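Note: the block below is run_39.csv and it holds CSV, C-alpha atoms and all ligand atoms.
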chain,number,residue,atom,x,y,z
A,27,MET,CA,0.0,0.0,0.0
A,28,SER,CA,1.3,3.5,-0.8
A,29,ALA,CA,2.3,5.8,2.0
A,30,ARG,CA,-0.1,8.6,1.0
A,31,THR,CA,-3.1,9.0,-1.3
A,32,ALA,CA,-4.5,11.9,-3.3
A,33,LEU,CA,-7.4,12.7,-5.6
A,34,VAL,CA,-6.9,15.4,-8.1
A,35,THR,CA,-9.6,17.0,-10.3
A,36,GLY,CA,-8.8,18.5,-13.7
A,37,ALA,CA,-6.2,15.8,-14.1
A,38,ALA,CA,-6.3,15.3,-17.9
A,39,ARG,CA,-3.9,18.2,-18.7
A,40,GLY,CA,-2.4,21.4,-17.5
A,41,ILE,CA,-1.9,22.1,-13.8
A,42,GLY,CA,-4.0,19.1,-12.7
A,43,ALA,CA,-1.9,16.7,-14.8
A,44,ALA,CA,1.3,18.2,-13.6
A,45,THR,CA,0.1,17.8,-10.0
A,46,VAL,CA,-0.8,14.1,-10.6
A,47,SER,CA,2.7,13.5,-12.0
A,48,ARG,CA,4.5,15.4,-9.2
A,49,LEU,CA,2.5,13.7,-6.4
A,50,ALA,CA,3.0,10.2,-8.0
A,51,SER,CA,6.7,10.9,-8.3
A,52,GLN,CA,6.7,11.6,-4.5
A,53,GLY,CA,5.2,8.2,-3.8
A,54,TYR,CA,1.5,9.1,-3.6
A,55,ALA,CA,-1.2,6.9,-5.1
A,56,VAL,CA,-3.3,9.3,-7.1
A,57,LEU,CA,-6.8,9.1,-8.5
A,58,ALA,CA,-6.7,11.3,-11.6
A,59,VAL,CA,-10.2,12.7,-12.1
A,60,ASP,CA,-11.5,14.7,-15.1
A,61,ARG,CA,-14.7,15.2,-17.1
A,62,ALA,CA,-12.6,14.1,-20.1
A,63,ALA,CA,-15.2,15.5,-22.5
A,64,ASP,CA,-16.0,18.9,-24.1
A,65,ASP,CA,-18.7,21.1,-22.6
A,66,PRO,CA,-21.2,21.9,-25.3
A,67,VAL,CA,-21.7,25.5,-24.0
A,68,LEU,CA,-18.0,26.3,-24.1
A,69,PRO,CA,-16.3,27.1,-27.4
A,70,TYR,CA,-12.9,25.4,-26.6
A,71,ALA,CA,-11.8,21.9,-26.1
A,72,LEU,CA,-11.5,20.5,-22.6
A,73,GLY,CA,-9.3,17.6,-21.6
A,74,SER,CA,-9.9,14.3,-23.3
A,75,GLU,CA,-10.1,10.7,-22.2
A,76,ALA,CA,-6.9,10.0,-24.2
A,77,GLU,CA,-5.1,12.8,-22.4
A,78,LEU,CA,-6.3,11.5,-19.0
A,79,SER,CA,-5.1,8.0,-19.9
A,80,ALA,CA,-1.8,9.3,-21.1
A,81,VAL,CA,-1.2,11.1,-17.7
A,82,VAL,CA,-1.9,7.9,-15.8
A,83,GLU,CA,0.2,5.8,-18.2
A,84,ALA,CA,3.1,8.2,-17.9
A,85,VAL,CA,3.0,7.8,-14.1
A,86,ARG,CA,2.9,4.0,-14.4
A,87,GLY,CA,5.8,4.1,-16.9
A,88,ARG,CA,7.9,5.7,-14.2
A,89,GLY,CA,6.8,3.0,-11.6
A,90,GLY,CA,4.2,5.2,-9.9
A,91,GLU,CA,0.7,4.5,-9.0
A,92,ALA,CA,-2.3,6.4,-10.5
A,93,GLU,CA,-5.8,5.6,-11.8
A,94,ALA,CA,-8.0,7.5,-14.2
A,95,TYR,CA,-11.5,8.3,-13.1
A,96,VAL,CA,-14.0,10.1,-15.3
A,97,ALA,CA,-16.3,12.4,-13.3
A,98,ASP,CA,-17.7,15.9,-13.7
A,99,VAL,CA,-17.1,18.1,-10.7
A,100,ARG,CA,-20.6,19.5,-11.1
A,101,ASP,CA,-22.0,16.1,-10.1
A,102,PRO,CA,-21.8,15.6,-6.3
A,103,ALA,CA,-22.7,11.9,-6.6
A,104,ALA,CA,-19.9,11.3,-9.1
A,105,LEU,CA,-17.4,13.0,-6.8
A,106,ALA,CA,-18.6,11.0,-3.8
A,107,ALA,CA,-18.2,7.8,-5.9
A,108,ALA,CA,-14.6,8.9,-6.9
A,109,VAL,CA,-13.7,9.5,-3.2
A,110,ALA,CA,-15.2,6.1,-2.3
A,111,ASP,CA,-13.2,4.5,-5.1
A,112,ALA,CA,-9.9,6.0,-3.8
A,113,GLU,CA,-10.7,4.9,-0.2
A,114,ARG,CA,-11.6,1.3,-1.4
A,115,ARG,CA,-8.5,1.1,-3.6
A,116,TRP,CA,-5.9,2.5,-1.1
A,117,GLY,CA,-7.6,2.3,2.3
A,118,GLY,CA,-8.1,6.0,2.8
A,119,LEU,CA,-7.6,9.5,1.4
A,120,ASP,CA,-5.0,12.1,2.6
A,121,VAL,CA,-5.2,14.8,0.0
A,122,ALA,CA,-8.0,16.2,-2.3
A,123,ILE,CA,-7.0,18.9,-4.9
A,124,GLY,CA,-9.6,20.8,-6.9
A,125,ALA,CA,-7.9,21.9,-10.1
A,126,ALA,CA,-10.7,21.5,-12.6
A,127,GLY,CA,-11.6,24.8,-14.2
A,128,VAL,CA,-13.1,26.4,-17.2
A,129,ILE,CA,-13.1,29.9,-18.6
A,130,ALA,CA,-15.6,32.0,-20.5
A,131,GLY,CA,-15.8,35.7,-21.1
A,132,GLY,CA,-14.7,38.2,-23.8
A,133,ALA,CA,-17.7,40.5,-23.2
A,134,PRO,CA,-18.9,42.6,-20.3
A,135,LEU,CA,-21.0,40.6,-17.8
A,136,TRP,CA,-24.3,42.0,-19.0
A,137,GLU,CA,-23.6,40.8,-22.5
A,138,MET,CA,-22.4,37.3,-21.7
A,139,PRO,CA,-24.5,34.3,-22.6
A,140,PRO,CA,-25.9,33.2,-19.3
A,141,ASP,CA,-25.2,29.6,-19.9
A,142,ARG,CA,-21.4,30.3,-20.2
A,143,ASP,CA,-21.3,32.3,-17.0
A,144,ARG,CA,-23.3,29.5,-15.3
A,145,ALA,CA,-20.7,26.9,-16.5
A,146,VAL,CA,-17.9,29.0,-15.1
A,147,LEU,CA,-19.6,29.4,-11.7
A,148,GLU,CA,-20.7,25.8,-11.5
A,149,VAL,CA,-17.4,24.2,-12.4
A,150,ASN,CA,-15.0,26.7,-10.8
A,151,LEU,CA,-16.9,27.4,-7.6
A,152,HIS,CA,-19.6,24.8,-7.1
A,153,GLY,CA,-17.2,22.1,-8.3
A,154,VAL,CA,-14.8,22.9,-5.4
A,155,VAL,CA,-17.7,23.0,-3.0
A,156,ASN,CA,-18.8,19.6,-4.2
A,157,LEU,CA,-15.3,18.3,-3.9
A,158,ALA,CA,-15.0,19.5,-0.3
A,159,ARG,CA,-18.4,18.0,0.6
A,160,ALA,CA,-17.3,14.6,-0.8
A,161,ALA,CA,-13.6,14.6,0.3
A,162,VAL,CA,-13.4,16.3,3.6
A,163,PRO,CA,-15.3,13.6,5.5
A,164,ALA,CA,-12.9,11.0,3.9
A,165,LEU,CA,-9.9,13.1,5.1
A,166,LEU,CA,-11.5,13.1,8.5
A,167,ARG,CA,-11.9,9.4,8.5
A,168,ARG,CA,-8.2,8.9,8.7
A,169,PRO,CA,-7.2,8.3,12.4
A,170,ARG,CA,-5.5,11.0,14.4
A,171,PRO,CA,-2.9,12.3,14.3
A,172,ARG,CA,-4.0,13.4,10.8
A,173,THR,CA,-2.2,15.4,8.0
A,174,GLY,CA,-5.2,15.7,5.7
A,175,ARG,CA,-5.0,18.4,3.0
A,176,PHE,CA,-7.9,20.0,1.1
A,177,LEU,CA,-6.5,22.2,-1.7
A,178,ALA,CA,-8.1,24.3,-4.4
A,179,VAL,CA,-6.7,26.1,-7.4
A,180,ALA,CA,-8.1,29.7,-7.3
A,181,SER,CA,-6.4,32.4,-9.5
A,182,ALA,CA,-4.9,35.8,-9.5
A,183,ALA,CA,-8.4,36.6,-10.7
A,184,ALA,CA,-9.6,36.0,-7.1
A,185,THR,CA,-8.2,39.4,-6.1
A,186,ARG,CA,-8.2,41.4,-9.4
A,187,GLY,CA,-11.1,42.8,-11.3
A,188,LEU,CA,-10.4,41.4,-14.8
A,189,PRO,CA,-12.6,43.0,-17.4
A,190,MET,CA,-14.6,40.6,-19.5
A,191,LEU,CA,-14.0,37.8,-17.0
A,192,ALA,CA,-16.4,38.8,-14.3
A,193,ALA,CA,-17.9,35.3,-13.6
A,194,TYR,CA,-14.5,33.8,-13.6
A,195,CYS,CA,-13.3,36.4,-11.1
A,196,ALA,CA,-16.4,35.8,-8.9
A,197,ALA,CA,-15.9,32.1,-8.9
A,198,LYS,CA,-12.3,32.3,-8.0
A,199,ALA,CA,-13.0,34.9,-5.2
A,200,GLY,CA,-15.6,32.4,-4.0
A,201,VAL,CA,-12.9,29.7,-3.8
A,202,ALA,CA,-10.7,31.9,-1.8
A,203,GLY,CA,-13.5,32.6,0.7
A,204,LEU,CA,-14.4,28.9,0.8
A,205,VAL,CA,-11.0,27.8,1.9
A,206,ARG,CA,-10.7,30.5,4.5
A,207,ALA,CA,-14.0,29.3,6.0
A,208,LEU,CA,-13.0,25.6,5.7
A,209,GLY,CA,-9.7,26.3,7.4
A,210,ALA,CA,-11.6,27.8,10.3
A,211,GLU,CA,-14.1,24.9,10.4
A,212,LEU,CA,-11.4,22.3,10.3
A,213,GLY,CA,-9.7,23.8,13.3
A,214,ASP,CA,-7.6,21.3,15.2
A,215,THR,CA,-8.6,18.2,13.3
A,216,GLY,CA,-5.2,17.9,11.6
A,217,VAL,CA,-6.9,18.5,8.2
A,218,THR,CA,-6.1,21.8,6.6
A,219,ALA,CA,-7.7,23.7,3.7
A,220,ASN,CA,-5.6,26.0,1.5
A,221,ALA,CA,-5.7,27.4,-2.0
A,222,ILE,CA,-3.2,28.7,-4.5
A,223,SER,CA,-3.7,31.6,-6.9
A,224,PRO,CA,-1.7,31.0,-10.1
A,225,GLY,CA,-0.7,33.7,-12.4
A,226,SER,CA,-0.5,33.2,-16.2
A,227,THR,CA,0.5,29.6,-16.7
A,228,ASP,CA,1.1,28.0,-20.0
A,229,THR,CA,-1.9,25.7,-20.4
A,230,PRO,CA,-4.9,25.5,-22.8
A,231,ILE,CA,-7.1,27.6,-20.5
A,232,LEU,CA,-4.6,30.5,-21.0
A,233,ALA,CA,-4.7,30.0,-24.7
A,234,GLU,CA,-8.5,30.4,-24.5
A,235,SER,CA,-8.1,33.5,-22.3
A,236,ALA,CA,-5.9,35.0,-25.0
A,237,ARG,CA,-8.5,34.2,-27.6
A,238,LEU,CA,-11.2,35.8,-25.5
A,239,TYR,CA,-9.1,39.0,-25.3
A,240,GLY,CA,-8.4,39.0,-29.0
A,241,LEU,CA,-4.6,38.5,-28.4
A,242,PRO,CA,-2.5,36.7,-31.0
A,243,GLU,CA,-1.1,34.2,-28.4
A,244,ALA,CA,-0.9,33.4,-24.7
A,245,ALA,CA,2.8,34.4,-24.5
A,246,VAL,CA,1.6,38.1,-24.6
A,247,PHE,CA,0.4,37.6,-21.0
A,248,ALA,CA,4.0,37.3,-19.8
A,249,VAL,CA,4.6,41.1,-19.9
A,250,GLN,CA,2.1,41.6,-17.0
A,251,GLN,CA,4.0,39.3,-14.6
A,252,PRO,CA,7.1,40.8,-13.0
A,253,VAL,CA,9.1,37.6,-13.8
A,254,ARG,CA,8.3,38.4,-17.5
A,255,ARG,CA,7.5,34.9,-18.5
A,256,LEU,CA,4.6,32.5,-18.4
A,257,LEU,CA,4.8,30.0,-15.5
A,258,GLY,CA,5.0,26.3,-16.3
A,259,PRO,CA,2.3,23.9,-14.9
A,260,GLY,CA,5.1,22.0,-13.1
A,261,GLU,CA,6.1,25.1,-11.2
A,262,VAL,CA,2.5,25.5,-9.9
A,263,ALA,CA,2.3,21.8,-9.2
A,264,ALA,CA,5.5,22.0,-7.1
A,265,VAL,CA,3.7,24.4,-4.7
A,266,LEU,CA,0.6,22.2,-4.5
A,267,ALA,CA,2.8,19.2,-3.7
A,268,PHE,CA,4.4,21.1,-0.8
A,269,LEU,CA,0.9,22.1,0.5
A,270,ALA,CA,-0.2,18.5,0.1
A,271,GLY,CA,2.5,17.2,2.3
A,272,PRO,CA,2.8,16.9,6.0
A,273,ASP,CA,5.2,19.8,6.3
A,274,SER,CA,2.5,22.4,5.5
A,275,GLY,CA,0.7,21.8,8.8
A,276,ALA,CA,1.2,25.4,10.0
A,277,MET,CA,-0.9,26.7,7.0
A,278,THR,CA,-4.6,26.7,6.9
A,279,GLY,CA,-7.2,29.0,5.3
A,280,ALA,CA,-4.3,30.5,3.2
A,281,VAL,CA,-4.5,31.6,-0.4
A,282,VAL,CA,-1.0,31.4,-1.7
A,283,PRO,CA,0.0,33.5,-4.8
A,284,VAL,CA,2.0,31.4,-7.3
A,285,ASP,CA,2.0,34.1,-9.9
A,286,GLY,CA,5.4,35.4,-10.8
A,287,GLY,CA,4.5,38.5,-8.9
A,288,LEU,CA,1.3,39.2,-10.9
A,289,ALA,CA,-0.6,40.4,-7.8
A,290,LEU,CA,2.1,42.9,-6.7
A,301,LIG,N1,-3.4,28.5,-16.7
A,301,LIG,C1,-3.5,29.6,-16.0
A,301,LIG,O1,-3.0,30.7,-16.4
A,301,LIG,C2,-4.3,29.7,-14.8
A,301,LIG,C3,-4.2,30.8,-14.0
A,301,LIG,C4,-5.0,30.9,-12.8
A,301,LIG,C5,-5.8,29.8,-12.4
A,301,LIG,N2,-5.9,28.7,-13.2
A,301,LIG,C6,-6.7,27.6,-12.8
A,301,LIG,O2,-6.0,26.4,-12.7
A,301,LIG,C7,-6.8,25.3,-12.8
A,301,LIG,C8,-6.3,24.3,-13.9
A,301,LIG,O3,-6.4,25.0,-15.1
A,301,LIG,P1,-5.3,24.7,-16.3
A,301,LIG,O4,-4.5,25.9,-16.5
A,301,LIG,O5,-4.6,23.5,-16.0
A,301,LIG,O6,-6.3,24.6,-17.5
A,301,LIG,P2,-6.7,23.3,-18.5
A,301,LIG,O7,-7.8,23.8,-19.3
A,301,LIG,O8,-5.4,22.9,-19.2
A,301,LIG,O9,-7.1,22.2,-17.6
A,301,LIG,C9,-8.4,22.1,-16.9
A,301,LIG,C10,-8.8,20.7,-16.8
A,301,LIG,O10,-10.1,20.7,-16.1
A,301,LIG,C11,-10.9,19.8,-16.7
A,301,LIG,N3,-12.4,20.1,-16.4
A,301,LIG,C12,-13.0,21.2,-16.9
A,301,LIG,N4,-14.3,21.1,-16.5
A,301,LIG,C13,-14.4,20.0,-15.7
A,301,LIG,C14,-15.5,19.4,-15.0
A,301,LIG,N5,-16.7,20.0,-15.0
A,301,LIG,N6,-15.3,18.3,-14.3
A,301,LIG,C15,-14.0,17.7,-14.3
A,301,LIG,N7,-13.0,18.2,-15.0
A,301,LIG,C16,-13.2,19.4,-15.7
A,301,LIG,C17,-10.6,19.9,-18.2
A,301,LIG,O11,-11.1,18.7,-18.9
A,301,LIG,C18,-9.1,20.0,-18.1
A,301,LIG,O12,-8.5,18.8,-18.2
A,301,LIG,C19,-8.2,25.9,-13.2
A,301,LIG,O13,-9.0,25.9,-12.1
A,301,LIG,C20,-7.9,27.3,-13.7
A,301,LIG,O14,-9.0,28.2,-13.5
A,301,LIG,C21,-5.1,28.6,-14.4

The structure in this file should be written as structure tokens.
Amino acid sequence: MSARTALVTGAARGIGAATVSRLASQGYAVLAVDRAADDPVLPYALGSEAELSAVVEAVRGRGGEAEAYVADVRDPAALAAAVADAERRWGGLDVAIGAAGVIAGGAPLWEMPPDRDRAVLEVNLHGVVNLARAAVPALLRRPRPRTGRFLAVASAAATRGLPMLAAYCAAKAGVAGLVRALGAELGDTGVTANAISPGSTDTPILAESARLYGLPEAAVFAVQQPVRRLLGPGEVAAVLAFLAGPDSGAMTGAVVPVDGGLAL
């Protein structure tokens, strides 16, 4: 049996995939969860089943332990089943990471198609609420002394008013508020709740953001970050992996910028 187990949503590509890979390389057994299908209301491709399988196969190829699990974070029952699967497979859950996310925008809020804004709020905010509801009880089922970790991926958009991304900003600010409250609720249980706020990171969601702003390519976003480059998903995953580990026990309810200075 592996030393520590984790469930990661949004695992087919980008930050979620990099996090699966990083945790597995550190000896975690990881349930890699993704919708693995496009959303008909969104005009860009989401992660695919083939990408999700490739993430898991790459882990196995390096001798690590990971399983693919198709579930939509908007579906509380599907997430409960995913958590139950991880517990059954590996005897318990130590870490849950909500990285699944979508973006829509490109117009002021009052001109946005309501179904697109709804998708953004349902996936990016309710999806994290659903994950917490399903996973926190499992983290608490571990015997004391615990080092359970609930983690969510917010965004620099949680604290900045980005024009033409109002629902995205609202959802990410909601995630920040959620982990602050969860951190307070979890108190001295040994389970903590934290979030990270990435800056512009080189993944497909950033390419879609560039398209929404009419920019030629995502690389243009580099100029707004003091480090003057896009972040790599592996750099963001490295911080998530630290927060997932037992050494982050002094942190709870924190929203950690991982943004190359974007929020300065
Ligand atoms: N890339 C950036 O610049 C950036 C910046 C700040 C925050 N973020 C956040 O980081 C997280 C990861 O994004 P990414 O950059 O890796 O983007 P990405 O588009 O590469 O990956 C997102 C993954 O989430 C999955 N997903 C989407 N909807 C889902 C659903 N309903 N259920 C389950 N899975 C679903 C997609 O299939 C995809 O595999 C997101 O929450 C995003 O908002 C990204």

Exercise for review: Pick out the residues no farther than 6 Å from ligand LIG 301 (chain A), counting only C-alpha atoms and all ligand atoms, and list them as an NGL selection string.
Suggested key: :A and (35-42 or 60-62 or 72-73 or 97-100 or 125-128 or 149 or 179-182 or 224-232)

Show me a table, sorted first by chain and then by increasing residue number, of the residues of region 206-258 of chain A having an atom at most 12 Å from region 152-155 of chain A, each with its shortest atom pair and the distance in Å to one decimal, counting only C-alpha atoms and written as a Markdown table.
| residue | atom | partner | partner_atom | distance |
| --- | --- | --- | --- | --- |
| A:Ala207 | CA | A:Val155 | CA | 11.6 |
| A:Leu208 | CA | A:Val155 | CA | 10.2 |
| A:Ala219 | CA | A:Val154 | CA | 11.6 |
| A:Asn220 | CA | A:Val154 | CA | 11.9 |
| A:Ala221 | CA | A:Val154 | CA | 10.7 |

**Study point:** Of the listed residues A:Ala164, A:Val109, A:Leu49, A:Leu147, that which approaches Ala92 (chain A) most closely, counting all atoms listed in the file
**Key:**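 Closest residue, counting all atoms listed in the file: A:Leu49.
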
Extending 4 Å beyond the listed atoms of region 239-255 of chain A on each side, what axis-aligned box results? I want centre and edge lengths in Å to one decimal, as AutoDock Vina command-line options.
--center_x 0.0 --center_y 37.5 --center_z -22.0 --size_x 26.2 --size_y 16.2 --size_z 26.0

Exercise for review: List every protein, DNA or RNA residue that has an atom no more than 10 Å from (3.2, 5.3, 1.7) in the file's coordinate frame, counting all atoms listed in the file, and report them as JSON, numbers by chain.
Suggested key: {"A": [27, 28, 29, 30, 31, 52, 53, 54, 55, 116]}

Review point. For the point (5.0, 16.3, 4.5) in file coordinates, what residues are within 12 Å, counting all atoms listed in the file? Give the answer as number ranges by chain?
Key: A: 29-30, 49, 52-54, 120-121, 172-175, 266-276

Exercise for review: Using CA of Pro139 (chain A) and CA of Ala236 (chain A) as the two end points, give the distance in Å to one decimal.
Suggested key: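 One can read the CA of Pro139 (chain A) to CA of Ala236 (chain A) distance as 18.8 Å.
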
Review point. Near Pro283 (chain A), within 6 Å and counting all atoms listed in the file, which residues show up once chain neighbours fewer than 2 positions away are dropped, as a PyMOL selection string?
Key: chain A and resi 222-223+285

Point to revise | For Glu75 (chain A), the nearest of the candidates A:Val96, A:Pro189, A:Arg88, A:Gly117, counting all atoms listed in the file | key: A:Val96

Point to revise | Contacts of region 244-251 of chain A within 7 Å, all atoms listed in the file, excl. fewer than 2 positions in-chain, as a list in words | key: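 Near region 244-251 of chain A, the qualifying residues are Ser226, Leu232, Ala233, Ala236, Val253, Arg254, Arg255, Leu256, Gly286, Gly287 and Leu288 of chain A.
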
Practice item. For CA of Gly279 (chain A) and CA of Gly216 (chain A), quote the distance in Å rounded to one decimal. Key: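 Spanning CA of Gly279 (chain A) to CA of Gly216 (chain A) is a straight-line distance of 12.9 Å.
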
Review point. At what distance in Å, to one decimal, does CA of Ile123 (chain A) lie from CA of Leu177 (chain A)?
Key: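 These atoms are spaced 4.6 Å apart.
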
**Study point:** Residues near Ala106 (chain A), cut-off 9 Å, only C-alpha atoms, skip fewer than 5 positions along chain, as a list in words
**Key:** Asp101, Asp111, Asn156, Leu157, Arg159, Ala160 and Ala161 of chain A

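Considering all atoms listed in the file, the residue among A:Ala264, A:Ala130, A:Leu135, A:Leu290 positioned nearest to Arg48 (chain A) is A:Ala264.
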
Practice item. Counting all atoms listed in the file, figure out which residue out of A:Glu93, A:Glu137, A:Glu148, A:Glu234 gets nearest to Leu57 (chain A). Key: A:Glu93

Point to revise | Given only C-alpha atoms as the counted atoms, nearest of A:Asn150, A:Thr218, A:Ser235, A:Thr185 to Val201 (chain A) | key: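 Closest to Val201 (chain A), using only C-alpha atoms: A:Asn150.
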
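If all atoms listed in the file are the atoms counted, then among A:Arg206, A:Arg168, A:Arg115, A:Lys198 the closest residue to Val146 (chain A) is A:Lys198.
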
Pull region 119-135 of chain A out of the block and emit N, CA, C and O atoms, as a PDB file, in the first residue's frame.
ATOM      1  N   LEU A 119      -7.995   8.374   2.233  1.00  0.00           N
ATOM      2  CA  LEU A 119      -7.619   9.531   1.418  1.00  0.00           C
ATOM      3  C   LEU A 119      -6.924  10.563   2.309  1.00  0.00           C
ATOM      4  O   LEU A 119      -7.416  10.886   3.396  1.00  0.00           O
ATOM      5  N   ASP A 120      -5.788  11.066   1.840  1.00  0.00           N
ATOM      6  CA  ASP A 120      -5.022  12.073   2.592  1.00  0.00           C
ATOM      7  C   ASP A 120      -5.114  13.464   1.983  1.00  0.00           C
ATOM      8  O   ASP A 120      -4.955  14.457   2.684  1.00  0.00           O
ATOM      9  N   VAL A 121      -5.330  13.537   0.670  1.00  0.00           N
ATOM     10  CA  VAL A 121      -5.243  14.822  -0.034  1.00  0.00           C
ATOM     11  C   VAL A 121      -6.326  14.883  -1.117  1.00  0.00           C
ATOM     12  O   VAL A 121      -6.489  13.923  -1.878  1.00  0.00           O
ATOM     13  N   ALA A 122      -7.037  15.998  -1.177  1.00  0.00           N
ATOM     14  CA  ALA A 122      -7.971  16.248  -2.293  1.00  0.00           C
ATOM     15  C   ALA A 122      -7.624  17.605  -2.892  1.00  0.00           C
ATOM     16  O   ALA A 122      -7.522  18.599  -2.166  1.00  0.00           O
ATOM     17  N   ILE A 123      -7.447  17.634  -4.191  1.00  0.00           N
ATOM     18  CA  ILE A 123      -7.037  18.872  -4.872  1.00  0.00           C
ATOM     19  C   ILE A 123      -8.029  19.194  -5.995  1.00  0.00           C
ATOM     20  O   ILE A 123      -8.191  18.411  -6.938  1.00  0.00           O
ATOM     21  N   GLY A 124      -8.666  20.329  -5.901  1.00  0.00           N
ATOM     22  CA  GLY A 124      -9.614  20.768  -6.926  1.00  0.00           C
ATOM     23  C   GLY A 124      -8.912  21.682  -7.916  1.00  0.00           C
ATOM     24  O   GLY A 124      -8.725  22.878  -7.647  1.00  0.00           O
ATOM     25  N   ALA A 125      -8.514  21.120  -9.041  1.00  0.00           N
ATOM     26  CA  ALA A 125      -7.853  21.923 -10.079  1.00  0.00           C
ATOM     27  C   ALA A 125      -8.734  22.072 -11.318  1.00  0.00           C
ATOM     28  O   ALA A 125      -8.393  22.839 -12.223  1.00  0.00           O
ATOM     29  N   ALA A 126      -9.841  21.350 -11.389  1.00  0.00           N
ATOM     30  CA  ALA A 126     -10.711  21.450 -12.577  1.00  0.00           C
ATOM     31  C   ALA A 126     -11.204  22.885 -12.723  1.00  0.00           C
ATOM     32  O   ALA A 126     -11.606  23.516 -11.743  1.00  0.00           O
ATOM     33  N   GLY A 127     -11.161  23.396 -13.932  1.00  0.00           N
ATOM     34  CA  GLY A 127     -11.640  24.751 -14.150  1.00  0.00           C
ATOM     35  C   GLY A 127     -11.915  25.008 -15.617  1.00  0.00           C
ATOM     36  O   GLY A 127     -11.370  24.319 -16.493  1.00  0.00           O
ATOM     37  N   VAL A 128     -12.786  25.968 -15.855  1.00  0.00           N
ATOM     38  CA  VAL A 128     -13.080  26.400 -17.228  1.00  0.00           C
ATOM     39  C   VAL A 128     -13.096  27.923 -17.248  1.00  0.00           C
ATOM     40  O   VAL A 128     -13.203  28.574 -16.202  1.00  0.00           O
ATOM     41  N   ILE A 129     -13.013  28.477 -18.449  1.00  0.00           N
ATOM     42  CA  ILE A 129     -13.057  29.931 -18.590  1.00  0.00           C
ATOM     43  C   ILE A 129     -14.044  30.304 -19.684  1.00  0.00           C
ATOM     44  O   ILE A 129     -14.217  29.563 -20.662  1.00  0.00           O
ATOM     45  N   ALA A 130     -14.705  31.450 -19.469  1.00  0.00           N
ATOM     46  CA  ALA A 130     -15.570  32.031 -20.512  1.00  0.00           C
ATOM     47  C   ALA A 130     -15.585  33.524 -20.256  1.00  0.00           C
ATOM     48  O   ALA A 130     -15.405  33.964 -19.127  1.00  0.00           O
ATOM     49  N   GLY A 131     -15.773  34.283 -21.277  1.00  0.00           N
ATOM     50  CA  GLY A 131     -15.766  35.731 -21.132  1.00  0.00           C
ATOM     51  C   GLY A 131     -15.616  36.371 -22.487  1.00  0.00           C
ATOM     52  O   GLY A 131     -16.115  35.848 -23.487  1.00  0.00           O
ATOM     53  N   GLY A 132     -14.915  37.517 -22.503  1.00  0.00           N
ATOM     54  CA  GLY A 132     -14.723  38.199 -23.773  1.00  0.00           C
ATOM     55  C   GLY A 132     -15.761  39.276 -24.025  1.00  0.00           C
ATOM     56  O   GLY A 132     -15.741  39.932 -25.063  1.00  0.00           O
ATOM     57  N   ALA A 133     -16.677  39.445 -23.054  1.00  0.00           N
ATOM     58  CA  ALA A 133     -17.690  40.491 -23.157  1.00  0.00           C
ATOM     59  C   ALA A 133     -18.014  40.948 -21.744  1.00  0.00           C
ATOM     60  O   ALA A 133     -17.793  40.195 -20.788  1.00  0.00           O
ATOM     61  N   PRO A 134     -18.527  42.178 -21.589  1.00  0.00           N
ATOM     62  CA  PRO A 134     -18.941  42.599 -20.254  1.00  0.00           C
ATOM     63  C   PRO A 134     -20.023  41.658 -19.724  1.00  0.00           C
ATOM     64  O   PRO A 134     -20.771  41.051 -20.507  1.00  0.00           O
ATOM     65  N   LEU A 135     -20.097  41.541 -18.406  1.00  0.00           N
ATOM     66  CA  LEU A 135     -20.993  40.572 -17.775  1.00  0.00           C
ATOM     67  C   LEU A 135     -22.403  40.617 -18.362  1.00  0.00           C
ATOM     68  O   LEU A 135     -23.002  39.579 -18.654  1.00  0.00           O
TER      69      LEU A 135
END
